[in-house]
Amino acid sequence: MIDEQLASQLIRQLPIGACLLTPDYTIVLWNDFFAERLQMPVEQTLGRNLLELFPDQARFLKRKLDSVFILKNTSFSYWEQRPHIFRFKSSRPVTGQEELMYQNMEIVPIFNDEGQISHLFLAITDATTTASYSIALRQAHRQLEDEHKAQAELIRKLEEAQNQLLQAEKMASIGQLAAGVAHEINNPIGFVSSNLETLQHYCQTLIQALDFAGQLLAKHPAAELAADYQQYNTNHNLDFLLRDMPELITESLEGTGRVMSIVKSLREFSHVDTSQWKETNLIDGMESTLRIINNELKYKATIHKDYQEQMPLVYCQSMQINQVFMNLLLNAVQAMDQPGDIYIRISTAGDFARISIRDTGTGIAPQHITKVFEPFFTTKPVGAGTGLGLSLSYSIIQKHQGKLSVTSPAGQGAEFVIQLPLSAIPEE
Ligand SMILES: Nc1ncnc2c1ncn2[C@@H]1O[C@H](COP(=O)(O)OP(=O)(O)O)[C@@H](O)[C@H]1O
Ligand SMILES: [Mg+2]
């Protein structure tokens with residue numbers, strides 16, 4: 001058995017906060033742990049009411065203390081629930097960050113011989129180490145989750161890029177197919193149309209001949225003959241037929257004309273060898289691109305063209321340049337909330353061919369303007385934009401030793417300008 005002095009010294013120096021209270025919250029024991037950390041010497045604390053000493057925590061402490069009375073059982077408070085009950089400075093420089101000590105509190109009832117609670121023992125233990133590990137763990141967990149999310153996003157983008165590539169691949173083969181089909185259609189539609197023209201001439205001659213025959217018969221003395229002819233004419237609806245025939249032919253010629261122009265656009269657009277370099281008329285390229293995407297444009301944008309006369313040919317990969325035109329035109333029309341205008345200008349500027357595509361759409365926010373050429377940058381909803389159109393266009397123009405630039409003055413839509421060297425021999 002240790003003597004009383006030793007026991008009380010032990011309690012004073014316990015490495016936990018120890019405080020003994022009477023049922024009316026009066027402090028009867030206050031050890032050094034409390035005294036030193038709160039700078040409240042023992043003499044100043046004994047006999048005081050705990051709740052009055054800590055008015056900020058009074059409600060919480062009272063609830064905890066009272067629950068011991070009611071349940072006649074120990075009451076706990078963990079650091080997670082209320083980290084800093086008393087303003088103890090952190091004793092653990094381990095973390096270097098924790099300013100205040102994280103605390104667990106236990107309030108233990110002390111019973112007298114009659115089985116009534118005579119005192120409450122309040123013990124505070126330092127949970128800073130556990131808490132800081134736990135917090136660090138939680139942070140690491142959150143960081144991992146963030147990284148996981150970023151990775152998932154990256155994977156989604158990669159999948160999209162792959163889709164885009166597959167799409168490009170498909171487009172290229174469709175292009176080849178289209179060129180092939182166009183080639184096949186070109187011949188028959190050519191002779192159908194030329195036959196129709198001939199038929200048109202024949203038809204005119206035939207109508208004149210019948211007309212002439214009618215006139216002759218009208219003059220003929222044998223009235224019967226004229227009447228018979230007239231009867232035949234009526235029975236077979238010849239008058240209507242003769243009137244309708246030239247119209248049918250004209251309509252058919254219009255039809256074949258349209259087919260021929262589509263075929264021509266298709267052939268121009270999808271050169272079988274997509275990377276073929278050749279002397280190219282940029283205006284023709286622009287026109288065939290416009291025809292191809294006419295459907296996307298016609299209800300949303302009015303196209304204004306300003307083409308310099310006698311534009312020199314430009315040595316380029318025409319199919320790829322058409323691809324760039326298409327990306328820029330589609331972006332322009334996609335930037336319109338309401339029907340607007342697209343201004344296309346093709347001209348020379350010094351040693352360059354200059355193609356400008358300007359729209360009256362929503363424009364590009366200043367903070368985005370440096371990003372639009374970055375792969376995957378898009379402001380369009382998932383599924384609507386891949387963010388690859390401009391980066392692809394940029395690399396195509398770069399391969400031609402040209403320049404692709406953008407401006408977007410506030411409230412005035414956007415203007416993209418392509419410059420292609422007129423003279424340089426590009427490297428393949
Ligand atoms: N004409 C334009 N007007 C306004 N914003 C544009 C225009 N062209 C491109 N942008 C912006 O640049 C982004 C990237 O374009 P792009 O690379 O073609 O990808 P996507 O069209 O798939 O979004 C678009 O999402 C849009 O925010
Ligand atoms: Mg685009």
# chains A, B, ... in the order shown; residues from 1 in each chain; ligands from 1
$ residues_near_ligand --ligand "ligand 2" --cutoff "9 Å" --atoms "only C-alpha atoms and all ligand atoms" --output "PDB file with N, CA and C atoms, in the first residue's frame"
ATOM      1  N   ASN A 327     -14.406  21.782 -89.914  1.00  0.00           N
ATOM      2  CA  ASN A 327     -14.377  21.967 -88.456  1.00  0.00           C
ATOM      3  C   ASN A 327     -14.724  23.397 -88.084  1.00  0.00           C
ATOM      4  N   LEU A 328     -14.118  24.349 -88.792  1.00  0.00           N
ATOM      5  CA  LEU A 328     -14.329  25.757 -88.446  1.00  0.00           C
ATOM      6  C   LEU A 328     -15.775  26.166 -88.713  1.00  0.00           C
ATOM      7  N   LEU A 329     -16.314  25.708 -89.838  1.00  0.00           N
ATOM      8  CA  LEU A 329     -17.689  26.076 -90.181  1.00  0.00           C
ATOM      9  C   LEU A 329     -18.684  25.466 -89.186  1.00  0.00           C
ATOM     10  N   LEU A 330     -18.441  24.209 -88.825  1.00  0.00           N
ATOM     11  CA  LEU A 330     -19.359  23.558 -87.876  1.00  0.00           C
ATOM     12  C   LEU A 330     -19.280  24.226 -86.509  1.00  0.00           C
ATOM     13  N   ASN A 331     -18.052  24.555 -86.066  1.00  0.00           N
ATOM     14  CA  ASN A 331     -17.914  25.268 -84.792  1.00  0.00           C
ATOM     15  C   ASN A 331     -18.673  26.587 -84.847  1.00  0.00           C
ATOM     16  N   ALA A 332     -18.550  27.289 -85.971  1.00  0.00           N
ATOM     17  CA  ALA A 332     -19.198  28.598 -86.101  1.00  0.00           C
ATOM     18  C   ALA A 332     -20.706  28.445 -85.935  1.00  0.00           C
ATOM     19  N   GLN A 334     -22.268  25.968 -84.577  1.00  0.00           N
ATOM     20  CA  GLN A 334     -22.604  25.437 -83.247  1.00  0.00           C
ATOM     21  C   GLN A 334     -22.540  26.519 -82.169  1.00  0.00           C
ATOM     22  N   THR A 378     -13.173  21.539 -74.540  1.00  0.00           N
ATOM     23  CA  THR A 378     -14.493  21.762 -75.121  1.00  0.00           C
ATOM     24  C   THR A 378     -15.404  22.404 -74.094  1.00  0.00           C
ATOM     25  N   LYS A 380     -18.606  22.203 -74.847  1.00  0.00           N
ATOM     26  CA  LYS A 380     -19.876  21.571 -75.223  1.00  0.00           C
ATOM     27  C   LYS A 380     -20.167  20.386 -74.314  1.00  0.00           C
ATOM     28  N   ALA A 384     -21.580  16.011 -77.165  1.00  0.00           N
ATOM     29  CA  ALA A 384     -21.762  16.988 -78.232  1.00  0.00           C
ATOM     30  C   ALA A 384     -20.420  17.445 -78.784  1.00  0.00           C
ATOM     31  N   GLY A 385     -19.421  17.505 -77.935  1.00  0.00           N
ATOM     32  CA  GLY A 385     -18.109  17.966 -78.387  1.00  0.00           C
ATOM     33  C   GLY A 385     -17.021  17.077 -77.840  1.00  0.00           C
ATOM     34  N   THR A 386     -15.983  16.869 -78.652  1.00  0.00           N
ATOM     35  CA  THR A 386     -14.861  16.075 -78.168  1.00  0.00           C
ATOM     36  C   THR A 386     -13.679  16.962 -77.836  1.00  0.00           C
ATOM     37  N   GLY A 387     -13.725  18.191 -78.332  1.00  0.00           N
ATOM     38  CA  GLY A 387     -12.605  19.079 -78.101  1.00  0.00           C
ATOM     39  C   GLY A 387     -11.400  18.736 -78.953  1.00  0.00           C
ATOM     40  N   LEU A 388     -11.609  17.981 -80.022  1.00  0.00           N
ATOM     41  CA  LEU A 388     -10.468  17.599 -80.856  1.00  0.00           C
ATOM     42  C   LEU A 388     -10.433  18.341 -82.194  1.00  0.00           C
ATOM     43  N   GLY A 389     -11.553  18.919 -82.588  1.00  0.00           N
ATOM     44  CA  GLY A 389     -11.650  19.548 -83.904  1.00  0.00           C
ATOM     45  C   GLY A 389     -10.573  20.591 -84.151  1.00  0.00           C
ATOM     46  N   LEU A 390     -10.427  21.513 -83.193  1.00  0.00           N
ATOM     47  CA  LEU A 390      -9.469  22.592 -83.405  1.00  0.00           C
ATOM     48  C   LEU A 390      -8.029  22.119 -83.257  1.00  0.00           C
TER      49      LEU A 390
END
$ residues_around --residues "Ser67 in chain A" --least-positions-apart "4" --cutoff "12 Å" --atoms "only C-alpha atoms" --output "VMD selection string"
chain A and resid 23 60 to 63 71 to 77 106 to 109 120
$ write_last_selection --atoms "N, CA and C atoms" --output "PDB file, in the first residue's frame"
ATOM      1  N   PRO A  23     -21.493  16.457  -6.770  1.00  0.00           N
ATOM      2  CA  PRO A  23     -22.667  16.441  -7.635  1.00  0.00           C
ATOM      3  C   PRO A  23     -23.140  17.836  -8.053  1.00  0.00           C
ATOM      4  N   PHE A  60     -22.505  21.701 -22.838  1.00  0.00           N
ATOM      5  CA  PHE A  60     -22.054  20.362 -23.229  1.00  0.00           C
ATOM      6  C   PHE A  60     -21.637  19.543 -21.989  1.00  0.00           C
ATOM      7  N   LEU A  61     -20.835  20.188 -21.121  1.00  0.00           N
ATOM      8  CA  LEU A  61     -20.338  19.481 -19.940  1.00  0.00           C
ATOM      9  C   LEU A  61     -21.495  19.070 -19.033  1.00  0.00           C
ATOM     10  N   LYS A  62     -22.458  19.973 -18.893  1.00  0.00           N
ATOM     11  CA  LYS A  62     -23.599  19.691 -18.014  1.00  0.00           C
ATOM     12  C   LYS A  62     -24.367  18.470 -18.532  1.00  0.00           C
ATOM     13  N   ARG A  63     -24.552  18.456 -19.833  1.00  0.00           N
ATOM     14  CA  ARG A  63     -25.287  17.334 -20.420  1.00  0.00           C
ATOM     15  C   ARG A  63     -24.572  16.010 -20.139  1.00  0.00           C
ATOM     16  N   LEU A  71     -27.925   7.803 -15.787  1.00  0.00           N
ATOM     17  CA  LEU A  71     -27.669   6.416 -16.187  1.00  0.00           C
ATOM     18  C   LEU A  71     -26.839   5.656 -15.160  1.00  0.00           C
ATOM     19  N   LYS A  72     -26.302   6.384 -14.205  1.00  0.00           N
ATOM     20  CA  LYS A  72     -25.415   5.804 -13.185  1.00  0.00           C
ATOM     21  C   LYS A  72     -24.296   5.003 -13.848  1.00  0.00           C
ATOM     22  N   ASN A  73     -23.792   5.591 -14.860  1.00  0.00           N
ATOM     23  CA  ASN A  73     -22.796   4.874 -15.636  1.00  0.00           C
ATOM     24  C   ASN A  73     -21.796   5.865 -16.250  1.00  0.00           C
ATOM     25  N   THR A  74     -20.658   5.353 -16.660  1.00  0.00           N
ATOM     26  CA  THR A  74     -19.630   6.202 -17.257  1.00  0.00           C
ATOM     27  C   THR A  74     -20.132   6.826 -18.553  1.00  0.00           C
ATOM     28  N   SER A  75     -19.729   8.080 -18.745  1.00  0.00           N
ATOM     29  CA  SER A  75     -20.116   8.750 -19.997  1.00  0.00           C
ATOM     30  C   SER A  75     -18.850   9.116 -20.767  1.00  0.00           C
ATOM     31  N   PHE A  76     -18.925   8.973 -22.081  1.00  0.00           N
ATOM     32  CA  PHE A  76     -17.734   9.218 -22.912  1.00  0.00           C
ATOM     33  C   PHE A  76     -17.962  10.376 -23.878  1.00  0.00           C
ATOM     34  N   SER A  77     -16.859  10.978 -24.235  1.00  0.00           N
ATOM     35  CA  SER A  77     -16.921  11.900 -25.385  1.00  0.00           C
ATOM     36  C   SER A  77     -15.637  11.697 -26.176  1.00  0.00           C
ATOM     37  N   GLU A 106     -13.697  11.059 -20.288  1.00  0.00           N
ATOM     38  CA  GLU A 106     -14.496  10.026 -19.622  1.00  0.00           C
ATOM     39  C   GLU A 106     -14.963  10.591 -18.299  1.00  0.00           C
ATOM     40  N   ILE A 107     -16.232  10.437 -17.989  1.00  0.00           N
ATOM     41  CA  ILE A 107     -16.727  10.876 -16.673  1.00  0.00           C
ATOM     42  C   ILE A 107     -17.231   9.635 -15.937  1.00  0.00           C
ATOM     43  N   VAL A 108     -16.562   9.360 -14.827  1.00  0.00           N
ATOM     44  CA  VAL A 108     -16.841   8.106 -14.102  1.00  0.00           C
ATOM     45  C   VAL A 108     -17.554   8.436 -12.783  1.00  0.00           C
ATOM     46  N   PRO A 109     -18.638   7.774 -12.508  1.00  0.00           N
ATOM     47  CA  PRO A 109     -19.311   8.028 -11.217  1.00  0.00           C
ATOM     48  C   PRO A 109     -18.574   7.346 -10.057  1.00  0.00           C
ATOM     49  N   LEU A 120     -17.975  12.827  -9.146  1.00  0.00           N
ATOM     50  CA  LEU A 120     -17.788  12.482 -10.560  1.00  0.00           C
ATOM     51  C   LEU A 120     -16.318  12.677 -10.868  1.00  0.00           C
TER      52      LEU A 120
END
$ residues_near_ligand --ligand "ligand 1" --cutoff "10 Å" --atoms "only C-alpha atoms and all ligand atoms" --output "PyMOL selection string"
chain A and resi 324+326-336+342+357-365+368-394+406-408+412-416
$ closest_residue --among "A:Val68, A:Ala152, A:Leu137, A:Leu206" --to "Gln116 in chain A" --atoms "only C-alpha atoms"
A:Val68
$ residues_around --residues "Asp211 in chain A" --least-positions-apart "5" --cutoff "12 Å" --atoms "only C-alpha atoms" --output "compact mmCIF listing (two decimals) with C-alpha atoms, in the first residue's frame"
# COMPACT_ATOMS: atom_id res chain seq x y z
CA GLN A 204 -39.54 19.42 -129.57
CA THR A 205 -39.24 18.23 -133.15
CA LEU A 206 -41.92 15.62 -132.61
CA LEU A 216 -52.36 19.91 -142.64
CA LEU A 217 -55.35 17.74 -141.80
CA ALA A 218 -57.43 20.76 -140.88
CA TYR A 229 -57.41 12.41 -136.28
CA GLN A 230 -59.18 14.69 -133.84
CA ASN A 233 -56.17 12.87 -130.42
CA LEU A 238 -52.52 13.79 -126.92
CA ASP A 239 -52.81 17.51 -126.21
CA LEU A 242 -47.59 16.91 -125.65
CA ARG A 243 -47.79 19.71 -123.11
$ closest_residue --among "A:Arg138, A:Arg82, A:Lys298, A:Arg87" --to "Gln39 in chain A" --atoms "only C-alpha atoms"
A:Arg87
$ closest_residue --among "A:Gln103, A:Leu53, A:Ile16, A:Gly214" --to "Ala227 in chain A" --atoms "only C-alpha atoms"
A:Gly214
$ residues_around --residues "Thr302 in chain A" --least-positions-apart "2" --cutoff "8 Å" --atoms "only C-alpha atoms" --output "PyMOL selection string"
chain A and resi 297-298+300+304+339-342
$ select_by_dssp --residues "range 99-224 of chain A" --states "helix (DSSP H, G or I)" --output "PyMOL selection string"
chain A and resi 128-219+223-224
$ closest_residue --among "A:Cys203, A:Leu225, A:Ala123, A:Leu282" --to "Thr250 in chain A" --atoms "only C-alpha atoms"
A:Cys203
$ closest_residue --among "A:Ile135, A:Ile418, A:Ala179, A:Ile117" --to "Ile344 in chain A" --atoms "only C-alpha atoms"
A:Ile418
$ residues_around --residues "Asn186 in chain A" --least-positions-apart "6" --cutoff "12 Å" --atoms "only C-alpha atoms" --output "list of chain:residue names"
A:Ala178, A:Ala179, A:Gly180, A:Val192, A:Ser193, A:Thr256, A:Gly257, A:Arg258, A:Val259, A:Met260, A:Ser261, A:Ile262, A:Val263, A:Lys264, A:Ser265, A:Leu266, A:Arg267
$ write_last_selection --atoms "N, CA and C atoms" --output "compact mmCIF listing (two decimals), in the first residue's frame"
# COMPACT_ATOMS: atom_id res chain seq x y z
N ALA A 178 -17.32 6.66 -100.74
CA ALA A 178 -18.11 7.69 -101.41
C ALA A 178 -17.46 8.07 -102.73
N ALA A 179 -16.13 8.18 -102.69
CA ALA A 179 -15.43 8.55 -103.92
C ALA A 179 -15.65 7.47 -104.98
N GLY A 180 -15.60 6.21 -104.52
CA GLY A 180 -15.81 5.09 -105.44
C GLY A 180 -17.21 5.12 -106.02
N VAL A 192 -27.17 9.45 -118.94
CA VAL A 192 -28.62 9.70 -118.76
C VAL A 192 -28.91 11.17 -119.06
N SER A 193 -28.09 12.00 -118.51
CA SER A 193 -28.35 13.43 -118.68
C SER A 193 -28.15 13.86 -120.13
N THR A 256 -31.04 15.25 -112.74
CA THR A 256 -29.70 14.72 -113.03
C THR A 256 -28.64 15.78 -112.76
N GLY A 257 -28.99 17.03 -112.98
CA GLY A 257 -28.04 18.13 -112.70
C GLY A 257 -27.67 18.14 -111.22
N ARG A 258 -28.71 17.97 -110.40
CA ARG A 258 -28.43 17.97 -108.95
C ARG A 258 -27.57 16.78 -108.56
N VAL A 259 -27.91 15.61 -109.09
CA VAL A 259 -27.11 14.43 -108.78
C VAL A 259 -25.66 14.66 -109.21
N MET A 260 -25.48 15.24 -110.39
CA MET A 260 -24.11 15.47 -110.86
C MET A 260 -23.34 16.41 -109.95
N SER A 261 -24.04 17.43 -109.44
CA SER A 261 -23.30 18.37 -108.60
C SER A 261 -22.95 17.73 -107.26
N ILE A 262 -23.84 16.88 -106.74
CA ILE A 262 -23.51 16.17 -105.49
C ILE A 262 -22.33 15.23 -105.72
N VAL A 263 -22.38 14.53 -106.81
CA VAL A 263 -21.30 13.60 -107.13
C VAL A 263 -19.98 14.36 -107.23
N LYS A 264 -20.06 15.53 -107.85
CA LYS A 264 -18.85 16.33 -108.02
C LYS A 264 -18.30 16.74 -106.64
N SER A 265 -19.21 17.20 -105.76
CA SER A 265 -18.78 17.60 -104.42
C SER A 265 -18.15 16.43 -103.68
N LEU A 266 -18.81 15.29 -103.78
CA LEU A 266 -18.30 14.12 -103.08
C LEU A 266 -16.91 13.77 -103.56
N ARG A 267 -16.73 13.83 -104.85
CA ARG A 267 -15.42 13.46 -105.41
C ARG A 267 -14.36 14.46 -104.99
$ residues_around --residues "Ser90 in chain A" --least-positions-apart "6" --cutoff "6 Å" --atoms "only C-alpha atoms" --output "list in words"
Glu99, Leu100 and Met101 of chain A
$ write_last_selection --atoms "C-alpha atoms" --output "mmCIF file, in the first residue's frame"
data_model
loop_
_atom_site.group_PDB
_atom_site.id
_atom_site.type_symbol
_atom_site.label_atom_id
_atom_site.label_comp_id
_atom_site.auth_asym_id
_atom_site.auth_seq_id
_atom_site.Cartn_x
_atom_site.Cartn_y
_atom_site.Cartn_z
ATOM 1 C CA GLU A 99 -2.489 23.623 -32.465
ATOM 2 C CA LEU A 100 -4.958 22.301 -29.976
ATOM 3 C CA MET A 101 -4.968 18.954 -28.234
#
$ atom_distance --atom1 "CA of Asn294 in chain A" --atom2 "CA of Met319 in chain A"
17.5 Å
$ closest_residue --among "A:Trp277, A:Phe121, A:Tyr307, A:Phe34" --to "Thr348 in chain A" --atoms "only C-alpha atoms"
A:Tyr307
$ select_by_dssp --residues "range 106-241 of chain A" --states "strand (DSSP E)" --output "PyMOL selection string"
chain A and resi 106-111+117-126
$ residues_around --residues "Arg354 in chain A" --least-positions-apart "5" --cutoff "9 Å" --atoms "only C-alpha atoms" --output "JSON, numbers by chain"
{"A": [345, 346, 347, 348, 349, 417, 418, 419, 420, 421]}
